[in-house]
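start_30.txt (compact mmCIF, N, CA and C atoms) appears below.
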```txt
# COMPACT_ATOMS: atom_id res chain seq x y z
N MET A 1153 -201.34 -30.07 -7.02
CA MET A 1153 -201.69 -28.67 -6.98
C MET A 1153 -202.44 -28.32 -5.70
N LYS A 1154 -203.42 -29.21 -5.30
CA LYS A 1154 -204.18 -28.95 -4.09
C LYS A 1154 -203.28 -29.01 -2.87
N THR A 1155 -202.31 -29.91 -2.86
CA THR A 1155 -201.40 -30.04 -1.74
C THR A 1155 -200.55 -28.79 -1.60
N ARG A 1156 -200.11 -28.27 -2.74
CA ARG A 1156 -199.30 -27.04 -2.73
C ARG A 1156 -200.13 -25.87 -2.18
N ASN A 1157 -201.38 -25.75 -2.59
CA ASN A 1157 -202.25 -24.69 -2.10
C ASN A 1157 -202.53 -24.85 -0.60
N ALA A 1158 -202.70 -26.07 -0.16
CA ALA A 1158 -202.96 -26.32 1.26
C ALA A 1158 -201.73 -25.95 2.08
N LYS A 1159 -200.54 -26.30 1.60
CA LYS A 1159 -199.31 -25.94 2.31
C LYS A 1159 -199.15 -24.41 2.35
N PHE A 1160 -199.42 -23.77 1.23
CA PHE A 1160 -199.32 -22.32 1.16
C PHE A 1160 -200.30 -21.66 2.14
N ALA A 1161 -201.52 -22.15 2.19
CA ALA A 1161 -202.54 -21.61 3.10
C ALA A 1161 -202.12 -21.83 4.56
N ALA A 1162 -201.54 -22.99 4.84
CA ALA A 1162 -201.09 -23.27 6.20
C ALA A 1162 -199.95 -22.34 6.60
N ILE A 1163 -199.02 -22.11 5.70
CA ILE A 1163 -197.89 -21.21 5.99
C ILE A 1163 -198.40 -19.78 6.20
N ILE A 1164 -199.29 -19.32 5.35
CA ILE A 1164 -199.85 -17.97 5.49
C ILE A 1164 -200.61 -17.85 6.83
N SER A 1165 -201.39 -18.85 7.16
CA SER A 1165 -202.14 -18.83 8.43
C SER A 1165 -201.18 -18.76 9.61
N PHE A 1166 -200.13 -19.54 9.55
CA PHE A 1166 -199.13 -19.54 10.62
C PHE A 1166 -198.46 -18.17 10.74
N LEU A 1167 -198.09 -17.57 9.63
CA LEU A 1167 -197.45 -16.25 9.65
C LEU A 1167 -198.39 -15.17 10.19
N ILE A 1168 -199.66 -15.27 9.84
CA ILE A 1168 -200.65 -14.32 10.38
C ILE A 1168 -200.76 -14.48 11.88
N LEU A 1169 -200.80 -15.72 12.34
CA LEU A 1169 -200.87 -15.98 13.77
C LEU A 1169 -199.65 -15.41 14.50
N ILE A 1170 -198.47 -15.61 13.94
CA ILE A 1170 -197.24 -15.07 14.54
C ILE A 1170 -197.30 -13.54 14.57
N ALA A 1171 -197.75 -12.93 13.49
CA ALA A 1171 -197.85 -11.47 13.43
C ALA A 1171 -198.83 -10.95 14.49
N LEU A 1172 -199.95 -11.62 14.67
CA LEU A 1172 -200.92 -11.20 15.68
C LEU A 1172 -200.34 -11.30 17.09
N VAL A 1173 -199.61 -12.37 17.35
CA VAL A 1173 -198.98 -12.52 18.67
C VAL A 1173 -197.97 -11.41 18.89
N MET A 1174 -197.17 -11.09 17.89
CA MET A 1174 -196.17 -10.03 18.03
C MET A 1174 -196.83 -8.68 18.26
N VAL A 1175 -197.91 -8.38 17.57
CA VAL A 1175 -198.62 -7.11 17.75
C VAL A 1175 -199.20 -7.05 19.15
N PHE A 1176 -199.82 -8.13 19.61
CA PHE A 1176 -200.42 -8.15 20.94
C PHE A 1176 -199.35 -7.94 22.01
N ARG A 1177 -198.22 -8.61 21.89
CA ARG A 1177 -197.15 -8.47 22.87
C ARG A 1177 -196.58 -7.06 22.85
N ALA A 1178 -196.46 -6.45 21.69
CA ALA A 1178 -195.93 -5.08 21.60
C ALA A 1178 -196.87 -4.10 22.29
N GLU A 1179 -198.17 -4.34 22.19
CA GLU A 1179 -199.14 -3.44 22.83
C GLU A 1179 -199.12 -3.58 24.34
N THR A 1180 -198.80 -4.75 24.86
CA THR A 1180 -198.88 -4.96 26.31
C THR A 1180 -197.57 -4.66 27.02
N GLN A 1181 -196.48 -4.50 26.30
CA GLN A 1181 -195.21 -4.19 26.95
C GLN A 1181 -195.19 -2.73 27.38
N SER A 1182 -194.58 -2.46 28.53
CA SER A 1182 -194.48 -1.09 29.03
C SER A 1182 -193.17 -0.47 28.56
N PHE A 1183 -193.23 0.79 28.21
CA PHE A 1183 -192.04 1.54 27.91
C PHE A 1183 -191.83 2.51 29.06
N ALA A 1184 -190.63 3.03 29.21
CA ALA A 1184 -190.30 3.87 30.36
C ALA A 1184 -191.28 5.02 30.52
N GLY A 1185 -191.62 5.71 29.46
CA GLY A 1185 -192.55 6.82 29.55
C GLY A 1185 -193.93 6.39 30.00
N GLU A 1186 -194.40 5.26 29.52
CA GLU A 1186 -195.70 4.75 29.93
C GLU A 1186 -195.69 4.36 31.39
N GLU A 1187 -194.58 3.77 31.87
CA GLU A 1187 -194.50 3.39 33.28
C GLU A 1187 -194.63 4.61 34.17
N VAL A 1188 -193.98 5.71 33.78
CA VAL A 1188 -194.07 6.94 34.58
C VAL A 1188 -195.50 7.45 34.58
N GLN A 1189 -196.16 7.44 33.42
CA GLN A 1189 -197.54 7.88 33.36
C GLN A 1189 -198.43 6.98 34.21
N ASP A 1190 -198.23 5.67 34.13
CA ASP A 1190 -199.01 4.74 34.92
C ASP A 1190 -198.76 4.95 36.40
N ALA A 1191 -197.51 5.16 36.78
CA ALA A 1191 -197.17 5.39 38.19
C ALA A 1191 -197.80 6.69 38.67
N ALA A 1192 -197.76 7.72 37.83
CA ALA A 1192 -198.36 9.01 38.20
C ALA A 1192 -199.87 8.86 38.38
N ALA A 1193 -200.52 8.18 37.47
CA ALA A 1193 -201.96 7.97 37.57
C ALA A 1193 -202.31 7.13 38.78
N SER A 1194 -201.52 6.08 39.02
CA SER A 1194 -201.74 5.23 40.19
C SER A 1194 -201.55 6.02 41.48
N TYR A 1195 -200.50 6.85 41.52
CA TYR A 1195 -200.24 7.66 42.71
C TYR A 1195 -201.41 8.61 42.97
N LYS A 1196 -201.84 9.30 41.94
CA LYS A 1196 -202.94 10.26 42.10
C LYS A 1196 -204.22 9.56 42.55
N LYS A 1197 -204.46 8.38 42.02
CA LYS A 1197 -205.69 7.65 42.32
C LYS A 1197 -205.66 7.03 43.72
N ASN A 1198 -204.52 6.44 44.10
CA ASN A 1198 -204.47 5.62 45.31
C ASN A 1198 -203.69 6.21 46.48
N CYS A 1199 -202.77 7.11 46.22
CA CYS A 1199 -201.80 7.49 47.25
C CYS A 1199 -201.88 8.94 47.70
N ALA A 1200 -202.18 9.84 46.76
CA ALA A 1200 -202.08 11.27 47.05
C ALA A 1200 -202.99 11.72 48.18
N VAL A 1201 -204.10 11.05 48.39
CA VAL A 1201 -205.02 11.44 49.45
C VAL A 1201 -204.31 11.42 50.81
N CYS A 1202 -203.54 10.39 51.07
CA CYS A 1202 -202.83 10.28 52.36
C CYS A 1202 -201.44 10.89 52.33
N HIS A 1203 -200.74 10.73 51.21
CA HIS A 1203 -199.34 11.13 51.14
C HIS A 1203 -199.13 12.55 50.62
N SER A 1204 -200.17 13.21 50.15
CA SER A 1204 -200.20 14.54 49.57
C SER A 1204 -199.73 14.48 48.10
N PRO A 1205 -200.11 15.47 47.31
CA PRO A 1205 -199.72 15.46 45.89
C PRO A 1205 -198.21 15.41 45.65
N LYS A 1206 -197.41 15.87 46.60
CA LYS A 1206 -195.95 15.87 46.44
C LYS A 1206 -195.26 14.84 47.33
N ALA A 1207 -195.99 13.85 47.83
CA ALA A 1207 -195.44 12.78 48.68
C ALA A 1207 -194.73 13.35 49.91
N GLU A 1208 -195.33 14.35 50.52
CA GLU A 1208 -194.72 15.02 51.67
C GLU A 1208 -195.14 14.41 53.01
N LYS A 1209 -196.19 13.63 53.03
CA LYS A 1209 -196.70 13.08 54.29
C LYS A 1209 -196.50 11.56 54.34
N PHE A 1210 -196.12 11.08 55.49
CA PHE A 1210 -196.02 9.64 55.75
C PHE A 1210 -195.14 8.91 54.74
N TYR A 1211 -194.12 9.58 54.22
CA TYR A 1211 -193.24 8.95 53.23
C TYR A 1211 -191.80 9.37 53.49
N ASP A 1212 -190.92 8.38 53.58
CA ASP A 1212 -189.50 8.62 53.78
C ASP A 1212 -188.75 8.15 52.54
N PRO A 1213 -188.34 9.06 51.66
CA PRO A 1213 -187.64 8.65 50.44
C PRO A 1213 -186.27 8.02 50.71
N ASN A 1214 -185.76 8.18 51.93
CA ASN A 1214 -184.46 7.60 52.27
C ASN A 1214 -184.57 6.16 52.76
N MET A 1215 -185.78 5.67 52.96
CA MET A 1215 -185.99 4.27 53.35
C MET A 1215 -185.49 3.38 52.21
N PRO A 1216 -184.89 2.24 52.51
CA PRO A 1216 -184.43 1.35 51.44
C PRO A 1216 -185.57 1.01 50.45
N GLU A 1217 -185.23 1.02 49.18
CA GLU A 1217 -186.22 0.78 48.14
C GLU A 1217 -186.96 -0.53 48.33
N GLU A 1218 -186.25 -1.59 48.71
CA GLU A 1218 -186.87 -2.89 48.90
C GLU A 1218 -187.94 -2.82 49.99
N GLU A 1219 -187.68 -2.05 51.04
CA GLU A 1219 -188.64 -1.90 52.13
C GLU A 1219 -189.86 -1.11 51.65
N GLN A 1220 -189.64 -0.09 50.85
CA GLN A 1220 -190.75 0.69 50.32
C GLN A 1220 -191.65 -0.17 49.44
N ILE A 1221 -191.03 -0.98 48.60
CA ILE A 1221 -191.80 -1.88 47.73
C ILE A 1221 -192.58 -2.87 48.56
N GLU A 1222 -191.97 -3.42 49.59
CA GLU A 1222 -192.63 -4.38 50.48
C GLU A 1222 -193.86 -3.73 51.15
N ILE A 1223 -193.72 -2.50 51.59
CA ILE A 1223 -194.83 -1.81 52.24
C ILE A 1223 -195.97 -1.58 51.25
N ILE A 1224 -195.63 -1.19 50.03
CA ILE A 1224 -196.66 -0.99 49.01
C ILE A 1224 -197.37 -2.30 48.73
N MET A 1225 -196.62 -3.36 48.63
CA MET A 1225 -197.21 -4.65 48.28
C MET A 1225 -198.00 -5.27 49.43
N LYS A 1226 -197.45 -5.23 50.63
CA LYS A 1226 -198.05 -5.93 51.78
C LYS A 1226 -198.85 -5.02 52.71
N GLY A 1227 -198.59 -3.71 52.65
CA GLY A 1227 -199.25 -2.78 53.55
C GLY A 1227 -198.47 -2.63 54.84
N LYS A 1228 -198.93 -1.71 55.70
CA LYS A 1228 -198.26 -1.48 56.97
C LYS A 1228 -199.28 -0.90 57.95
N LYS A 1229 -199.32 -1.51 59.11
CA LYS A 1229 -200.22 -1.01 60.15
C LYS A 1229 -199.50 0.11 60.88
N MET A 1230 -200.12 1.27 60.90
CA MET A 1230 -199.54 2.44 61.54
C MET A 1230 -199.96 2.49 63.02
N GLU A 1231 -199.38 3.41 63.78
CA GLU A 1231 -199.75 3.56 65.18
C GLU A 1231 -201.23 3.88 65.31
N LYS A 1232 -201.73 4.70 64.39
CA LYS A 1232 -203.15 5.01 64.37
C LYS A 1232 -203.58 5.14 62.91
N PRO A 1233 -204.86 4.93 62.64
CA PRO A 1233 -205.34 5.02 61.25
C PRO A 1233 -205.10 6.40 60.65
N PRO A 1234 -204.99 6.50 59.36
CA PRO A 1234 -205.21 5.43 58.39
C PRO A 1234 -203.98 4.53 58.25
N HIS A 1235 -204.22 3.26 58.07
CA HIS A 1235 -203.16 2.29 57.86
C HIS A 1235 -202.85 2.21 56.36
N MET A 1236 -201.62 1.87 56.06
CA MET A 1236 -201.22 1.71 54.66
C MET A 1236 -201.76 0.38 54.15
N PRO A 1237 -202.63 0.41 53.12
CA PRO A 1237 -203.15 -0.86 52.58
C PRO A 1237 -202.11 -1.56 51.72
N GLY A 1238 -202.23 -2.86 51.60
CA GLY A 1238 -201.38 -3.64 50.70
C GLY A 1238 -202.01 -3.70 49.33
N TYR A 1239 -201.22 -3.45 48.31
CA TYR A 1239 -201.77 -3.43 46.95
C TYR A 1239 -201.51 -4.71 46.17
N GLU A 1240 -200.74 -5.63 46.72
CA GLU A 1240 -200.54 -6.91 46.04
C GLU A 1240 -201.87 -7.64 45.92
N ALA A 1241 -202.66 -7.61 46.98
CA ALA A 1241 -203.97 -8.27 46.97
C ALA A 1241 -204.93 -7.61 45.99
N LYS A 1242 -204.63 -6.38 45.60
CA LYS A 1242 -205.47 -5.65 44.65
C LYS A 1242 -204.96 -5.80 43.22
N GLY A 1243 -203.94 -6.65 43.03
CA GLY A 1243 -203.46 -6.96 41.69
C GLY A 1243 -202.20 -6.23 41.26
N MET A 1244 -201.59 -5.45 42.14
CA MET A 1244 -200.38 -4.73 41.77
C MET A 1244 -199.20 -5.70 41.67
N LYS A 1245 -198.38 -5.50 40.67
CA LYS A 1245 -197.16 -6.30 40.48
C LYS A 1245 -195.98 -5.57 41.09
N THR A 1246 -194.92 -6.32 41.41
CA THR A 1246 -193.72 -5.75 42.02
C THR A 1246 -193.12 -4.67 41.13
N GLU A 1247 -193.13 -4.86 39.82
CA GLU A 1247 -192.58 -3.87 38.90
C GLU A 1247 -193.36 -2.56 38.99
N GLU A 1248 -194.67 -2.66 39.16
CA GLU A 1248 -195.50 -1.46 39.29
C GLU A 1248 -195.20 -0.74 40.60
N ALA A 1249 -194.98 -1.52 41.66
CA ALA A 1249 -194.64 -0.92 42.96
C ALA A 1249 -193.29 -0.20 42.86
N LYS A 1250 -192.34 -0.79 42.15
CA LYS A 1250 -191.04 -0.14 41.98
C LYS A 1250 -191.19 1.16 41.19
N ALA A 1251 -192.00 1.14 40.14
CA ALA A 1251 -192.24 2.36 39.36
C ALA A 1251 -192.91 3.42 40.24
N LEU A 1252 -193.77 2.99 41.13
CA LEU A 1252 -194.44 3.92 42.05
C LEU A 1252 -193.44 4.53 43.02
N VAL A 1253 -192.52 3.72 43.55
CA VAL A 1253 -191.47 4.23 44.44
C VAL A 1253 -190.61 5.25 43.69
N ASP A 1254 -190.21 4.93 42.48
CA ASP A 1254 -189.40 5.86 41.68
C ASP A 1254 -190.15 7.16 41.46
N TYR A 1255 -191.45 7.06 41.17
CA TYR A 1255 -192.25 8.26 40.96
C TYR A 1255 -192.34 9.09 42.24
N MET A 1256 -192.57 8.43 43.37
CA MET A 1256 -192.67 9.16 44.64
C MET A 1256 -191.34 9.86 44.97
N LYS A 1257 -190.24 9.19 44.72
CA LYS A 1257 -188.93 9.82 44.94
C LYS A 1257 -188.77 11.04 44.06
N SER A 1258 -189.23 10.95 42.82
CA SER A 1258 -189.10 12.08 41.90
C SER A 1258 -189.93 13.28 42.36
N LEU A 1259 -191.02 13.02 43.05
CA LEU A 1259 -191.85 14.11 43.57
C LEU A 1259 -191.13 14.90 44.66
N ARG A 1260 -190.25 14.23 45.35
CA ARG A 1260 -189.54 14.86 46.48
C ARG A 1260 -188.26 15.55 46.06
N GLN A 1261 -187.82 15.36 44.81
CA GLN A 1261 -186.60 15.99 44.34
C GLN A 1261 -186.90 17.41 43.89
N PRO A 1262 -185.99 18.35 44.15
CA PRO A 1262 -186.24 19.73 43.74
C PRO A 1262 -186.29 19.84 42.21
N ALA A 1263 -187.13 20.73 41.74
CA ALA A 1263 -187.26 20.96 40.29
C ALA A 1263 -185.96 21.58 39.77
N GLU A 1264 -185.59 21.15 38.59
CA GLU A 1264 -184.35 21.66 37.97
C GLU A 1264 -184.66 22.70 36.95
```
Could you render the structure from this file as structure tokens?
Amino acid sequence: MKTRNAKFAAIISFLILIALVMVFRAETQSFAGEEVQDAAASYKKNCAVCHSPKAEKFYDPNMPEEEQIEIIMKGKKMEKPPHMPGYEAKGMKTEEAKALVDYMKSLRQPAE
């Protein structure tokens, strides 16, 4: 009887652990809408000062996406300051940089 109870307790504990892991992973995954909100917040916080609220300054939406992501991640020294800082060193991930590029492109598209 004690062995059966111990097995049951072990199984329940394991299932609770699995459920907690699944809940934690679900909370940390990004959904498309959240990525846009995060990109918008990141843009307003880090980029709009130099690039303007509508990404009209110092931004070429026709530049290849890979190059834009590289500049966001590594930075770019301009002819004169302010220079574009690299955000990889500040903890930005490539996926976040891509979402930021997509958001900046959307700012330059005419409203429908």
- Distance in Å - atom N of Glu1217 in chain A versus atom N of Gly1243 in chain A: 21.1 Å
- atom N of Ala1241 in chain A to CA of Lys1226 in chain A, distance in Å rounded to a single decimal: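 CA of Lys1226 in chain A lies at a distance of 6.9 Å from atom N of Ala1241 in chain A.
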- Query: Taking into account only C-alpha atoms, which residue in the set A:Met1225, A:Val1253, A:Lys1197, A:Glu1248 is nearest to Asp1212 in chain A?
  - Reply: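 Closest to Asp1212 in chain A, using only C-alpha atoms: A:Val1253.
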- For Pro1234 in chain A, which of A:Ile1164, A:Val1201, A:Ala1191, A:Met1174 is the closest residue, counting only C-alpha atoms?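 Among the listed residues, A:Val1201 lies closest to Pro1234 in chain A.
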- Can you find the residues with an atom no farther than 5 Å from (-196.5, 7.3, 53.9), counting only N, CA and C atoms, and report them as a ChimeraX atom specification? /A:1209-1211
- Task: Write out as number ranges by chain the residues lying within 10 Å of Pro1205 in chain A, counting only C-alpha atoms and excluding same-chain residues fewer than 3 positions away.
- Result: A: 1195-1196, 1199-1202, 1208-1209, 1256, 1259
- Length of the atom N of Lys1228 in chain A to atom C of Asn1198 in chain A vector [Å]: 13.1 Å
Selecting C-alpha atoms, how would range 1174-1252 of chain A from this structure be written as an mmCIF file, in the first residue's frame?
```
data_model
loop_
_atom_site.group_PDB
_atom_site.id
_atom_site.type_symbol
_atom_site.label_atom_id
_atom_site.label_comp_id
_atom_site.auth_asym_id
_atom_site.auth_seq_id
_atom_site.Cartn_x
_atom_site.Cartn_y
_atom_site.Cartn_z
ATOM 1 C CA MET A 1174 4.411 24.174 -19.989
ATOM 2 C CA VAL A 1175 2.844 27.237 -18.327
ATOM 3 C CA PHE A 1176 6.221 28.960 -18.025
ATOM 4 C CA ARG A 1177 7.075 28.285 -21.675
ATOM 5 C CA ALA A 1178 3.658 29.529 -22.826
ATOM 6 C CA GLU A 1179 4.186 32.796 -20.943
ATOM 7 C CA THR A 1180 7.624 33.400 -22.462
ATOM 8 C CA GLN A 1181 6.738 32.661 -26.085
ATOM 9 C CA SER A 1182 6.023 35.675 -28.285
ATOM 10 C CA PHE A 1183 2.934 35.911 -30.410
ATOM 11 C CA ALA A 1184 2.758 38.103 -33.513
ATOM 12 C CA GLY A 1185 0.746 40.825 -31.783
ATOM 13 C CA GLU A 1186 3.101 40.927 -28.815
ATOM 14 C CA GLU A 1187 6.130 41.156 -31.120
ATOM 15 C CA VAL A 1188 4.623 44.223 -32.801
ATOM 16 C CA GLN A 1189 3.930 45.818 -29.423
ATOM 17 C CA ASP A 1190 7.449 45.009 -28.240
ATOM 18 C CA ALA A 1191 8.943 46.382 -31.462
ATOM 19 C CA ALA A 1192 6.845 49.539 -31.165
ATOM 20 C CA ALA A 1193 7.891 50.058 -27.548
ATOM 21 C CA SER A 1194 11.529 49.349 -28.394
ATOM 22 C CA TYR A 1195 11.390 51.763 -31.335
ATOM 23 C CA LYS A 1196 9.860 54.536 -29.238
ATOM 24 C CA LYS A 1197 12.367 53.984 -26.437
ATOM 25 C CA ASN A 1198 15.565 53.536 -28.458
ATOM 26 C CA CYS A 1199 15.118 54.714 -32.034
ATOM 27 C CA ALA A 1200 12.546 57.472 -32.458
ATOM 28 C CA VAL A 1201 14.832 60.168 -31.056
ATOM 29 C CA CYS A 1202 17.182 59.877 -34.047
ATOM 30 C CA HIS A 1203 14.947 58.299 -36.685
ATOM 31 C CA SER A 1204 11.769 60.330 -35.900
ATOM 32 C CA PRO A 1205 8.416 58.856 -34.808
ATOM 33 C CA LYS A 1206 7.681 57.762 -38.401
ATOM 34 C CA ALA A 1207 11.208 56.468 -39.263
ATOM 35 C CA GLU A 1208 11.717 59.336 -41.700
ATOM 36 C CA LYS A 1209 15.323 60.181 -40.802
ATOM 37 C CA PHE A 1210 18.484 58.150 -41.375
ATOM 38 C CA TYR A 1211 16.488 55.088 -42.485
ATOM 39 C CA ASP A 1212 16.248 53.469 -45.908
ATOM 40 C CA PRO A 1213 13.415 50.915 -45.990
ATOM 41 C CA ASN A 1214 14.689 49.692 -49.368
ATOM 42 C CA MET A 1215 17.998 48.527 -47.879
ATOM 43 C CA PRO A 1216 18.199 44.710 -47.761
ATOM 44 C CA GLU A 1217 16.616 43.371 -44.586
ATOM 45 C CA GLU A 1218 19.730 41.395 -43.638
ATOM 46 C CA GLU A 1219 21.794 44.589 -43.790
ATOM 47 C CA GLN A 1220 19.270 46.464 -41.645
ATOM 48 C CA ILE A 1221 19.344 43.706 -39.037
ATOM 49 C CA GLU A 1222 23.154 43.710 -39.080
ATOM 50 C CA ILE A 1223 23.232 47.477 -38.496
ATOM 51 C CA ILE A 1224 20.789 47.196 -35.602
ATOM 52 C CA MET A 1225 22.797 44.394 -34.053
ATOM 53 C CA LYS A 1226 26.346 45.680 -34.672
ATOM 54 C CA GLY A 1227 25.817 49.424 -35.083
ATOM 55 C CA LYS A 1228 27.187 51.723 -37.766
ATOM 56 C CA LYS A 1229 29.607 54.600 -37.626
ATOM 57 C CA MET A 1230 28.179 57.532 -39.546
ATOM 58 C CA GLU A 1231 30.100 60.347 -41.253
ATOM 59 C CA LYS A 1232 29.332 62.490 -38.231
ATOM 60 C CA PRO A 1233 27.590 61.833 -34.907
ATOM 61 C CA PRO A 1234 25.244 60.575 -33.789
ATOM 62 C CA HIS A 1235 26.460 57.107 -34.693
ATOM 63 C CA MET A 1236 24.100 54.145 -34.784
ATOM 64 C CA PRO A 1237 24.744 52.055 -31.649
ATOM 65 C CA GLY A 1238 24.823 48.263 -31.762
ATOM 66 C CA TYR A 1239 22.085 46.623 -29.743
ATOM 67 C CA GLU A 1240 23.444 43.065 -29.690
ATOM 68 C CA ALA A 1241 25.786 44.102 -26.876
ATOM 69 C CA LYS A 1242 22.743 45.451 -25.037
ATOM 70 C CA GLY A 1243 21.015 42.055 -25.158
ATOM 71 C CA MET A 1244 18.905 42.337 -28.303
ATOM 72 C CA LYS A 1245 18.282 39.090 -30.182
ATOM 73 C CA THR A 1246 18.237 38.763 -33.973
ATOM 74 C CA GLU A 1247 14.500 37.986 -33.907
ATOM 75 C CA GLU A 1248 13.863 41.236 -32.042
ATOM 76 C CA ALA A 1249 15.936 43.170 -34.583
ATOM 77 C CA LYS A 1250 13.901 41.617 -37.401
ATOM 78 C CA ALA A 1251 10.653 42.600 -35.664
ATOM 79 C CA LEU A 1252 12.055 46.114 -35.306
#
```
